[in-house]
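**Student:** Below you'll find final_31.cif; it's mmCIF, C-alpha atoms.
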```cif
data_final
#
loop_
_atom_site.label_atom_id
_atom_site.label_comp_id
_atom_site.auth_asym_id
_atom_site.auth_seq_id
_atom_site.Cartn_x
_atom_site.Cartn_y
_atom_site.Cartn_z
CA MET A 1 3.76 -22.03 17.87
CA SER A 2 0.48 -20.28 18.64
CA ASP A 3 -2.26 -20.26 16.00
CA ILE A 4 -2.92 -16.54 16.48
CA VAL A 5 -0.77 -13.44 15.96
CA ARG A 6 -0.85 -10.79 18.67
CA TRP A 7 -0.75 -7.34 17.08
CA GLY A 8 0.33 -3.92 18.27
CA VAL A 9 -0.65 -0.74 16.43
CA LEU A 10 1.49 2.40 16.42
CA GLY A 11 -0.43 5.66 16.23
CA ASN A 12 -3.93 7.01 16.05
CA ALA A 13 -4.21 7.20 12.25
CA MET A 14 -7.63 7.05 10.64
CA ILE A 15 -6.65 4.03 8.55
CA ALA A 16 -5.84 2.15 11.76
CA ARG A 17 -8.92 3.29 13.71
CA ASP A 18 -11.49 2.88 10.95
CA PHE A 19 -10.12 0.03 8.87
CA MET A 20 -7.21 -2.08 10.11
CA ILE A 21 -8.07 -2.50 13.79
CA PRO A 22 -11.71 -3.52 13.08
CA ALA A 23 -10.44 -5.89 10.36
CA MET A 24 -7.98 -7.52 12.74
CA GLU A 25 -10.58 -7.85 15.46
CA ALA A 26 -12.92 -9.61 12.99
CA SER A 27 -10.28 -12.24 12.23
CA ASP A 28 -9.68 -15.53 14.03
CA LEU A 29 -5.97 -15.23 13.13
CA CYS A 30 -5.37 -11.82 14.71
CA GLN A 31 -5.64 -10.32 18.16
CA VAL A 32 -5.11 -6.60 18.77
CA THR A 33 -3.10 -6.77 21.98
CA ALA A 34 -1.81 -3.20 22.25
CA VAL A 35 -2.32 0.28 20.79
CA ALA A 36 0.06 3.21 21.30
CA SER A 37 -0.40 6.90 20.60
CA ARG A 38 0.86 10.19 21.91
CA THR A 39 -2.70 11.49 21.53
CA ALA A 40 -5.65 9.88 23.22
CA VAL A 41 -7.00 6.81 21.44
CA PRO A 42 -10.79 6.53 21.80
CA ALA A 43 -11.77 3.91 24.38
CA SER A 44 -13.93 2.23 21.74
CA ILE A 45 -10.84 1.40 19.65
CA ALA A 46 -9.62 -2.07 20.60
CA PRO A 47 -11.19 -1.79 24.07
CA HIS A 48 -9.63 -5.05 25.28
CA ALA A 49 -6.11 -4.03 24.22
CA LYS A 50 -3.46 -2.35 26.33
CA HIS A 51 -3.32 1.37 25.57
CA TYR A 52 0.13 2.93 25.75
CA ASP A 53 1.04 6.63 25.52
CA SER A 54 4.38 5.92 23.83
CA TYR A 55 5.51 3.76 20.93
CA GLU A 56 8.55 2.64 22.91
CA ALA A 57 6.39 1.14 25.65
CA LEU A 58 4.39 -0.90 23.16
CA LEU A 59 7.54 -2.19 21.46
CA ARG A 60 8.85 -3.44 24.81
CA ASP A 61 5.65 -5.45 25.39
CA PRO A 62 6.46 -9.19 25.21
CA ASP A 63 2.82 -9.95 24.39
CA VAL A 64 3.12 -8.28 20.96
CA ASP A 65 4.26 -10.48 18.07
CA ALA A 66 3.78 -8.08 15.17
CA VAL A 67 3.35 -4.34 14.70
CA TYR A 68 1.26 -2.41 12.20
CA VAL A 69 2.92 0.92 11.33
CA PRO A 70 0.52 3.58 9.94
CA VAL A 71 2.51 6.64 11.09
CA PRO A 72 3.35 9.44 8.58
CA ASN A 73 5.43 8.30 5.61
CA ALA A 74 8.65 10.00 6.73
CA LEU A 75 8.50 8.09 10.04
CA HIS A 76 8.00 4.63 8.54
CA GLU A 77 11.69 3.81 8.46
CA ARG A 78 12.44 4.88 12.02
CA TRP A 79 9.59 3.08 13.73
CA SER A 80 9.63 -0.04 11.57
CA ILE A 81 13.33 -0.54 12.27
CA GLU A 82 12.81 0.14 15.97
CA ALA A 83 10.01 -2.44 16.05
CA MET A 84 12.16 -5.02 14.27
CA ARG A 85 15.02 -4.41 16.72
CA HIS A 86 12.56 -5.41 19.42
CA GLY A 87 11.87 -8.67 17.57
CA LYS A 88 8.51 -7.66 16.12
CA HIS A 89 7.32 -8.53 12.64
CA VAL A 90 6.24 -5.38 10.78
CA LEU A 91 3.41 -4.59 8.40
CA CYS A 92 4.18 -1.04 7.27
CA GLU A 93 1.71 1.19 5.47
CA LYS A 94 2.43 2.20 1.90
CA PRO A 95 4.70 3.65 0.72
CA MET A 96 7.04 1.65 2.93
CA ALA A 97 9.59 4.49 2.90
CA CYS A 98 10.31 7.78 1.17
CA THR A 99 13.42 6.52 -0.65
CA ALA A 100 14.72 3.22 -1.98
CA ALA A 101 17.78 3.54 0.29
CA ALA A 102 15.50 3.76 3.33
CA GLY A 103 13.59 0.72 2.10
CA GLU A 104 16.84 -1.22 1.76
CA ARG A 105 17.81 -0.30 5.33
CA MET A 106 14.45 -1.59 6.54
CA ILE A 107 14.92 -4.87 4.68
CA ARG A 108 18.38 -5.30 6.20
CA ALA A 109 16.92 -4.71 9.66
CA ALA A 110 14.35 -7.45 9.05
CA GLU A 111 17.09 -9.88 7.97
CA GLU A 112 19.36 -8.99 10.88
CA ASN A 113 16.59 -9.45 13.43
CA GLY A 114 15.00 -12.56 11.91
CA VAL A 115 11.55 -11.03 11.41
CA LEU A 116 9.19 -10.47 8.51
CA LEU A 117 8.59 -7.08 6.89
CA ARG A 118 5.95 -6.27 4.28
CA GLU A 119 4.40 -3.17 2.72
CA ALA A 120 0.66 -2.77 3.30
CA PHE A 121 -0.85 -2.47 -0.17
CA MET A 122 -4.14 -3.97 0.94
CA TYR A 123 -5.72 -3.81 -2.54
CA ARG A 124 -3.34 -6.58 -3.66
CA CYS A 125 -5.29 -8.95 -1.40
CA GLY A 126 -8.59 -7.95 -3.02
CA ALA A 127 -10.54 -9.89 -5.62
CA LEU A 128 -10.21 -7.28 -8.37
CA PHE A 129 -6.40 -7.32 -8.30
CA SER A 130 -6.33 -11.11 -8.25
CA ARG A 131 -8.76 -11.36 -11.18
CA MET A 132 -6.86 -8.69 -13.14
CA MET A 133 -3.60 -10.60 -12.79
CA GLN A 134 -5.30 -13.86 -13.81
CA ILE A 135 -6.50 -12.20 -17.02
CA VAL A 136 -3.03 -10.77 -17.71
CA ASP A 137 -1.39 -14.16 -17.08
CA ALA A 138 -3.93 -16.01 -19.26
CA GLY A 139 -2.89 -13.93 -22.27
CA VAL A 140 -6.45 -12.86 -23.05
CA LEU A 141 -5.25 -9.32 -23.72
CA GLY A 142 -2.09 -10.40 -25.49
CA PRO A 143 1.12 -8.57 -24.58
CA ILE A 144 0.33 -5.34 -22.72
CA VAL A 145 1.40 -2.32 -24.79
CA ALA A 146 -0.11 0.62 -22.86
CA MET A 147 -1.48 1.38 -19.40
CA TYR A 148 -3.39 4.21 -17.75
CA GLY A 149 -4.20 4.72 -14.10
CA CYS A 150 -5.59 7.47 -11.88
CA HIS A 151 -6.34 7.88 -8.20
CA GLY A 152 -7.44 11.11 -6.54
CA TYR A 153 -9.88 12.87 -4.25
CA THR A 154 -10.59 16.27 -2.72
CA LEU A 155 -8.48 16.80 0.39
CA ASN A 156 -10.73 19.25 2.21
CA TRP A 157 -9.87 18.50 5.82
CA PRO A 158 -6.72 19.22 7.86
CA SER A 159 -4.19 16.46 7.22
CA PRO A 160 -0.63 17.34 8.31
CA ALA A 161 0.76 13.99 7.18
CA ARG A 162 -0.43 14.67 3.62
CA GLU A 163 0.31 18.40 3.53
CA ASP A 164 3.78 18.55 5.09
CA PRO A 165 6.81 17.72 2.91
CA ALA A 166 8.81 16.91 6.05
CA LEU A 167 6.32 14.12 6.81
CA GLY A 168 6.40 12.67 3.29
CA GLY A 169 3.21 14.35 2.12
CA GLY A 170 1.86 14.83 -1.38
CA SER A 171 -0.55 13.11 -3.74
CA ILE A 172 2.06 10.88 -5.37
CA TYR A 173 3.04 9.23 -2.10
CA ASP A 174 -0.56 9.11 -0.86
CA VAL A 175 -2.49 7.80 -3.87
CA GLY A 176 -0.22 7.87 -6.91
CA CYS A 177 1.80 5.08 -5.30
CA TYR A 178 -1.13 2.70 -5.88
CA VAL A 179 -1.00 3.29 -9.62
CA VAL A 180 2.79 2.92 -9.62
CA ASP A 181 2.52 -0.39 -7.78
CA CYS A 182 -0.16 -1.71 -10.13
CA MET A 183 1.77 -0.85 -13.28
CA ASN A 184 5.02 -2.25 -11.91
CA ALA A 185 3.22 -5.45 -10.86
CA VAL A 186 1.69 -5.93 -14.32
CA MET A 187 4.99 -5.29 -16.06
CA SER A 188 6.80 -7.72 -13.74
CA ARG A 189 4.60 -10.46 -15.21
CA GLN A 190 6.04 -9.59 -18.63
CA GLY A 191 9.62 -9.58 -17.32
CA ALA A 192 9.91 -5.80 -17.72
CA LYS A 193 11.40 -3.18 -15.42
CA LEU A 194 11.12 0.58 -15.31
CA ALA A 195 13.56 2.33 -17.65
CA ASP A 196 12.69 5.98 -16.96
CA CYS A 197 9.86 8.25 -15.95
CA SER A 198 8.82 11.88 -15.94
CA THR A 199 6.24 13.98 -14.14
CA VAL A 200 4.65 17.41 -13.94
CA LYS A 201 3.21 18.67 -10.68
CA ARG A 202 1.02 21.38 -9.26
CA MET A 203 2.62 22.26 -5.93
CA LYS A 204 1.02 23.70 -2.80
CA ASN A 205 2.97 24.47 0.36
CA GLY A 206 5.85 22.27 -0.71
CA VAL A 207 3.95 19.12 -1.68
CA ASP A 208 2.48 17.94 -4.97
CA TRP A 209 -1.27 18.60 -4.91
CA ASN A 210 -1.84 17.32 -8.44
CA ALA A 211 0.50 15.30 -10.65
CA ALA A 212 0.61 13.68 -14.08
CA ALA A 213 3.36 11.30 -15.08
CA TRP A 214 4.48 8.69 -17.55
CA LEU A 215 6.45 5.52 -16.89
CA ARG A 216 8.47 3.83 -19.65
CA TYR A 217 9.54 0.22 -19.24
CA ASP A 218 12.50 -1.53 -20.83
CA ASN A 219 10.19 -3.50 -23.14
CA GLY A 220 8.88 -0.25 -24.65
CA VAL A 221 5.55 -0.14 -22.80
CA VAL A 222 4.50 3.30 -21.59
CA GLY A 223 2.05 3.91 -18.74
CA SER A 224 0.42 7.24 -17.90
CA LEU A 225 -0.57 8.20 -14.36
CA GLN A 226 -2.61 10.95 -12.73
CA CYS A 227 -3.21 11.65 -9.05
CA TRP A 228 -4.62 14.62 -7.13
CA PHE A 229 -5.92 16.19 -3.94
CA ASP A 230 -7.98 18.92 -5.64
CA ALA A 231 -10.66 17.24 -7.74
CA ALA A 232 -13.55 14.85 -7.30
CA THR A 233 -12.91 11.27 -6.19
CA GLU A 234 -11.98 8.89 -8.99
CA GLN A 235 -9.82 5.83 -9.45
CA ARG A 236 -9.40 3.41 -12.33
CA VAL A 237 -6.87 1.38 -14.27
CA MET A 238 -6.91 0.51 -17.97
CA LEU A 239 -4.65 -2.09 -19.56
CA ALA A 240 -4.39 -2.19 -23.36
CA GLY A 241 -3.00 -5.30 -25.02
CA GLU A 242 -2.55 -6.38 -28.60
CA LYS A 243 -5.79 -8.40 -28.41
CA GLY A 244 -8.00 -6.36 -26.10
CA THR A 245 -8.44 -3.99 -23.19
CA LEU A 246 -9.32 -4.33 -19.53
CA MET A 247 -10.80 -1.43 -17.57
CA ILE A 248 -11.07 -1.69 -13.78
CA PRO A 249 -12.86 1.06 -11.82
CA ASN A 250 -12.22 1.28 -8.08
CA LEU A 251 -9.37 -1.23 -8.18
CA PHE A 252 -7.65 0.32 -5.20
CA GLU A 253 -10.62 -0.02 -2.87
CA GLY A 254 -9.88 -3.73 -2.92
CA THR A 255 -13.46 -4.64 -2.02
CA GLY A 256 -14.62 -6.20 -5.28
CA GLY A 257 -16.89 -4.97 -8.06
CA SER A 258 -16.96 -5.02 -11.85
CA MET A 259 -14.27 -4.92 -14.52
CA TYR A 260 -14.76 -4.60 -18.26
CA LEU A 261 -12.93 -6.88 -20.69
CA THR A 262 -13.16 -5.95 -24.37
CA VAL A 263 -11.86 -8.37 -27.01
CA GLU A 264 -12.69 -8.19 -30.73
CA GLY A 265 -15.20 -5.43 -30.11
CA LYS A 266 -17.21 -7.38 -27.54
CA THR A 267 -17.27 -6.27 -23.90
CA GLU A 268 -17.70 -8.72 -21.05
CA VAL A 269 -18.52 -7.51 -17.54
CA ILE A 270 -16.60 -9.56 -14.99
CA GLN A 271 -17.69 -9.54 -11.36
CA ALA A 272 -15.22 -10.01 -8.52
CA SER A 273 -16.36 -11.03 -5.06
CA ASN A 274 -16.69 -8.51 -2.26
CA ALA A 275 -14.47 -8.99 0.80
CA ASN A 276 -12.67 -6.86 3.37
CA PRO A 277 -9.18 -6.32 1.90
CA TYR A 278 -7.78 -5.11 5.23
CA GLN A 279 -8.82 -8.35 6.90
CA LEU A 280 -7.41 -10.36 4.01
CA GLU A 281 -4.14 -8.45 4.29
CA ALA A 282 -3.88 -8.91 8.06
CA GLU A 283 -4.66 -12.60 7.71
CA THR A 284 -2.22 -13.11 4.83
CA PHE A 285 0.63 -11.56 6.79
CA SER A 286 -0.38 -13.40 9.96
CA ARG A 287 -0.26 -16.71 8.08
CA ALA A 288 3.21 -15.82 6.83
CA ILE A 289 4.31 -15.18 10.42
CA LEU A 290 2.83 -18.56 11.39
CA GLY A 291 4.73 -20.22 8.54
CA GLN A 292 1.63 -20.82 6.41
CA GLY A 293 1.55 -17.78 4.16
CA SER A 294 1.82 -17.08 0.48
CA GLU A 295 3.61 -14.08 -1.00
CA TRP A 296 1.42 -11.14 -1.94
CA MET A 297 3.82 -8.19 -1.78
CA PRO A 298 7.44 -9.18 -2.51
CA LEU A 299 10.03 -6.82 -1.08
CA SER A 300 11.62 -6.64 -4.54
CA HIS A 301 8.38 -5.03 -5.74
CA THR A 302 8.50 -2.57 -2.84
CA ILE A 303 12.02 -1.47 -3.79
CA GLN A 304 11.04 -1.06 -7.44
CA ASN A 305 8.08 1.07 -6.35
CA LEU A 306 10.30 3.27 -4.18
CA GLN A 307 12.77 3.70 -7.04
CA THR A 308 9.87 4.76 -9.27
CA LEU A 309 8.49 7.21 -6.70
CA GLU A 310 11.94 8.75 -6.29
CA GLY A 311 12.16 9.16 -10.05
CA LEU A 312 8.82 10.95 -10.12
CA TYR A 313 9.73 13.24 -7.23
CA ASN A 314 13.18 14.12 -8.51
CA ASN A 315 11.76 15.36 -11.80
CA ILE A 316 10.45 18.62 -10.32
#
```
Please re-express this file's structure in C-alpha cells.
**Tutor:**
Amino acid sequence: MSDIVRWGVLGNAMIARDFMIPAMEASDLCQVTAVASRTAVPASIAPHAKHYDSYEALLRDPDVDAVYVPVPNALHERWSIEAMRHGKHVLCEKPMACTAAAGERMIRAAEENGVLLREAFMYRCGALFSRMMQIVDAGVLGPIVAMYGCHGYTLNWPSPAREDPALGGGSIYDVGCYVVDCMNAVMSRQGAKLADCSTVKRMKNGVDWNAAAWLRYDNGVVGSLQCWFDAATEQRVMLAGEKGTLMIPNLFEGTGGSMYLTVEGKTEVIQASNANPYQLEAETFSRAILGQGSEWMPLSHTIQNLQTLEGLYNNI
C-alpha cells in the first residue's frame, strides 16, 4: 500500500479553495490529484492536479483514492454515494446529509463498496476540542448539568447554498450543527442520548436566518443553542458541571486559543496549541485509509447529529 492518499475534490466551494486544498497540499500524507467543477476553478488552485469539468469524470479517474465532498448540503448524499460506488473513500462536509435516513443510506453505501466514509467536522481535530474532552473525562467539572453554545455571523454576500431551502440552506445546518455536534459529543461521554428538542426560528426566503433551541438529554441535562446569519460574528461553548464551569470561545475555528476553567471561584486560563485543523482532519482520515488512523468522528455520532437536526427543523 502507498504511504500517500491521492485526493479528488468535487466543486469550487470556498471551503475547498481557501482551506481544504491548501491544507492537503501542505501535508506529506495527501496529494491533490484532481479537482472537478462545472464552473472554472482558478488555475492557482491545485495547479499540478487534473482539472475536470464534471464530477463524473473525476470519479472515473483511477488515480484518485479518496474524494472530498464540499457541495451544497442537499447534494451530499448523491455525490458521496456516487463516489463510493466508484470505489472512492469519502470525506463529506458537515452536515453529512439533510436527514438521518439519507445518512444511513450513505453508510450502507460505504459498507457495500468497502470504503471509508466520515463527516468533516474539522474542529474535532483541533486542540481546543481535544483539551475540552480531556477536562470533561477527568471529572474536573463533575457531572455536566447544563450547556450553552452559539455560532453565528453576518451573511452579507450572495450564497445560494446557504439561502436556498432546496440546497439544504439555513443557519442551523450551516453553523448550528457545530453546537449540536459538540453537545452530543459531550453527552456521549456521560452515556446520555438526546430525548427531545425544540426550536424557534426567524425565517427568510424559506430558510432559518436566526434560530434558538434547547436540547434535552435522557439524563436530564438541558443544552441551549443559538445560531444566526444576521448578527455580528460570535461563537462559544459553556459547560456547567456540579463542580465548575468551562467556557471556550472560538471552539469551532479549531485553531487553538484560550479556554477558561472555573472551579471553587478560581478561574484558570488554559492555552491550547495552534494548528491547522483542516490539515489535521485530512491527515487523520488519510491515516485511516492507510490503516493507521484513530477514530475522531464516529458514524454513530453523525447519525445522532442528523436526528437532532431533523428534530430542530421539524419543530417549525
**Student:** Applied to the shown file, which residues does the PyMOL selection byres ((chain A and resi 64-68) around 6) return, written as a list in words?
**Tutor:**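 Taken over the shown coordinates, the PyMOL selection byres ((chain A and resi 64-68) around 6) returns Arg6, Trp7, Gly8, Val9, Asp61, Pro62, Asp63, Val69, Lys88, His89, Val90, Leu91 and Cys92 of chain A.
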**Student:** For Ala16 (chain A), find every residue with an atom within 10 Å (counting only C-alpha atoms), except residues of its own chain fewer than 4 positions away, and show them as a PDB file with C-alpha atoms, in the coordinates of the input.
**Tutor:**
```
ATOM      1  CA  VAL A   9      -0.650  -0.740  16.430  1.00  0.00           C
ATOM      2  CA  LEU A  10       1.490   2.400  16.420  1.00  0.00           C
ATOM      3  CA  GLY A  11      -0.430   5.660  16.230  1.00  0.00           C
ATOM      4  CA  ASN A  12      -3.930   7.010  16.050  1.00  0.00           C
ATOM      5  CA  MET A  20      -7.210  -2.080  10.110  1.00  0.00           C
ATOM      6  CA  ILE A  21      -8.070  -2.500  13.790  1.00  0.00           C
ATOM      7  CA  PRO A  22     -11.710  -3.520  13.080  1.00  0.00           C
ATOM      8  CA  ALA A  23     -10.440  -5.890  10.360  1.00  0.00           C
ATOM      9  CA  MET A  24      -7.980  -7.520  12.740  1.00  0.00           C
ATOM     10  CA  VAL A  35      -2.320   0.280  20.790  1.00  0.00           C
ATOM     11  CA  ILE A  45     -10.840   1.400  19.650  1.00  0.00           C
ATOM     12  CA  TYR A  68       1.260  -2.410  12.200  1.00  0.00           C
ATOM     13  CA  VAL A  69       2.920   0.920  11.330  1.00  0.00           C
ATOM     14  CA  PRO A  70       0.520   3.580   9.940  1.00  0.00           C
ATOM     15  CA  VAL A  71       2.510   6.640  11.090  1.00  0.00           C
ATOM     16  CA  GLU A  93       1.710   1.190   5.470  1.00  0.00           C
ATOM     17  CA  TYR A 278      -7.780  -5.110   5.230  1.00  0.00           C
TER      18      TYR A 278
END
```
**Student:** Which residues of region 236-307 of chain A sit at most 10 Å from region 2-5 of chain A, using all atoms listed in the file? Give each one's shortest atom pair and distance in Å (one decimal place), in chain and ascending residue order, as JSON lines.
**Tutor:**
```
{"residue": "A:Ala282", "atom": "CA", "partner": "A:Val5", "partner_atom": "CA", "distance": 9.6}
{"residue": "A:Glu283", "atom": "CA", "partner": "A:Val5", "partner_atom": "CA", "distance": 9.2}
{"residue": "A:Phe285", "atom": "CA", "partner": "A:Val5", "partner_atom": "CA", "distance": 9.5}
{"residue": "A:Ser286", "atom": "CA", "partner": "A:Val5", "partner_atom": "CA", "distance": 6.0}
{"residue": "A:Arg287", "atom": "CA", "partner": "A:Val5", "partner_atom": "CA", "distance": 8.5}
{"residue": "A:Ile289", "atom": "CA", "partner": "A:Val5", "partner_atom": "CA", "distance": 7.7}
{"residue": "A:Leu290", "atom": "CA", "partner": "A:Asp3", "partner_atom": "CA", "distance": 7.1}
```
**Student:** Work out how far apart CA of Tyr313 (chain A) and CA of Ala195 (chain A) are and give it in Å to one decimal.
**Tutor:** 15.6 Å
**Student:** Excluding same-chain residues fewer than 6 positions from region 254-258 of chain A, what lies within 8 Å of it counting only C-alpha atoms, as a list in words?
**Tutor:**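 Returned residues: Met122, Tyr123, Arg124, Cys125, Gly126, Ala127, Leu128, Phe129, Ile248, Val269, Ile270, Gln271, Ala272, Ser273, Asn274, Ala275, Asn276 and Pro277 of chain A.
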**Student:** Apply the PyMOL selection byres ((chain A and resi 247) around 7) to the file shown and report the selected residues as a list in words.
**Tutor:**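 Those residues are Val237, Met238, Leu239, Thr245, Leu246, Ile248, Pro249, Met259, Tyr260 and Leu261 of chain A.
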**Student:** Based on the selection just made, write C-alpha atoms of those residues as a PDB file, in the frame of the given file.
**Tutor:**
```
ATOM      1  CA  VAL A 237      -6.870   1.380 -14.270  1.00  0.00           C
ATOM      2  CA  MET A 238      -6.910   0.510 -17.970  1.00  0.00           C
ATOM      3  CA  LEU A 239      -4.650  -2.090 -19.560  1.00  0.00           C
ATOM      4  CA  THR A 245      -8.440  -3.990 -23.190  1.00  0.00           C
ATOM      5  CA  LEU A 246      -9.320  -4.330 -19.530  1.00  0.00           C
ATOM      6  CA  ILE A 248     -11.070  -1.690 -13.780  1.00  0.00           C
ATOM      7  CA  PRO A 249     -12.860   1.060 -11.820  1.00  0.00           C
ATOM      8  CA  MET A 259     -14.270  -4.920 -14.520  1.00  0.00           C
ATOM      9  CA  TYR A 260     -14.760  -4.600 -18.260  1.00  0.00           C
ATOM     10  CA  LEU A 261     -12.930  -6.880 -20.690  1.00  0.00           C
TER      11      LEU A 261
END
```
**Student:** Can you spell out as a ChimeraX atom specification the set of residues that the PyMOL selection byres ((chain A and resi 181-194) around 10) selects in the structure I just provided?
**Tutor:** /A:95,121,123-124,129,132-133,136-137,143-149,176-180,195-197,215-225,237-239,251-252,297,301-302,304-309
**Student:** Check the smallest atom-to-atom distance from each of A:Asn73, A:Ala83, A:Gly241, A:Arg78 to Leu58 (chain A) using only C-alpha atoms, then report the winner.
**Tutor:** A:Ala83
**Student:** Just want the 12 Å neighbourhood of Ser159 (chain A), counted on only C-alpha atoms, with same-chain residues fewer than 5 positions away dropped. Output as a ChimeraX atom specification.
**Tutor:** /A:13-14,72,154,164-165,167-170,174,229
**Student:** Which residue gives the smallest distance to Ala34 (chain A) among A:Ala288, A:Ile172, A:Ala57, A:Leu155, with only C-alpha atoms counted?
**Tutor:**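 Of A:Ala288, A:Ile172, A:Ala57, A:Leu155, the one nearest Ala34 (chain A) is A:Ala57, counting only C-alpha atoms.
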**Student:** Would you work out the distance separating CA of Ser294 (chain A) from CA of Val32 (chain A), expressed in Å to one decimal?
**Tutor:**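 CA of Val32 (chain A) lies 22.2 Å from CA of Ser294 (chain A).
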**Student:** Given the choices A:Leu59, A:Met84, A:Ala161, A:Ala231, which gets closest to Leu116 (chain A) if the distance is worked out from all atoms listed in the file?
**Tutor:**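 Ranked by minimum distance to Leu116 (chain A), first place goes to A:Met84.
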**Student:** Around region 224-241 of chain A, fit a box with edges along x, y and z, padding it by 5 Å on each side, then list its centre and edge lengths in Å to one decimal as AutoDock Vina command-line options.
**Tutor:**
```
--center_x -6.6 --center_y 6.8 --center_z -14.5 --size_x 24.0 --size_y 34.2 --size_z 31.1
```
**Student:** Under the rule that all atoms listed in the file are counted, which of A:Glu264, A:Glu253, A:Glu77, A:Glu119 is the nearest residue to Leu299 (chain A)?
**Tutor:** A:Glu119
**Student:** Considering only C-alpha atoms, state which residue in the set A:Cys150, A:Leu29, A:Ala213, A:Ala49 is at the smallest distance from Arg236 (chain A).
**Tutor:** A:Cys150
**Student:** Which distance in Å separates CA of Glu281 (chain A) and CA of Arg17 (chain A), to one decimal?
**Tutor:**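 Here the two named atoms are 15.8 Å from each other.
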**Student:** Which residue gives the smallest distance to Ile81 (chain A) among A:Arg105, A:Lys94, A:Lys266, A:Arg162, with only C-alpha atoms counted?
**Tutor:**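 Of A:Arg105, A:Lys94, A:Lys266, A:Arg162, the one nearest Ile81 (chain A) is A:Arg105, counting only C-alpha atoms.
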**Student:** Name the residues in contact with Gly244 (chain A) at a cut-off of 6 Å, using all atoms listed in the file, excluding same-chain residues fewer than 3 positions from it; report them as an MDAnalysis selection string.
**Tutor:** chainID A and resid 141 241 262:263
**Student:** What does the file look like for those residues with C-alpha atoms, as a short mmCIF file (atom, residue, chain, number, x, y, z; two decimals), in the coordinates of the input?
**Tutor:**
```cif
data_model
loop_
_atom_site.label_atom_id
_atom_site.label_comp_id
_atom_site.auth_asym_id
_atom_site.auth_seq_id
_atom_site.Cartn_x
_atom_site.Cartn_y
_atom_site.Cartn_z
CA LEU A 141 -5.25 -9.32 -23.72
CA GLY A 241 -3.00 -5.30 -25.02
CA THR A 262 -13.16 -5.95 -24.37
CA VAL A 263 -11.86 -8.37 -27.01
#
```
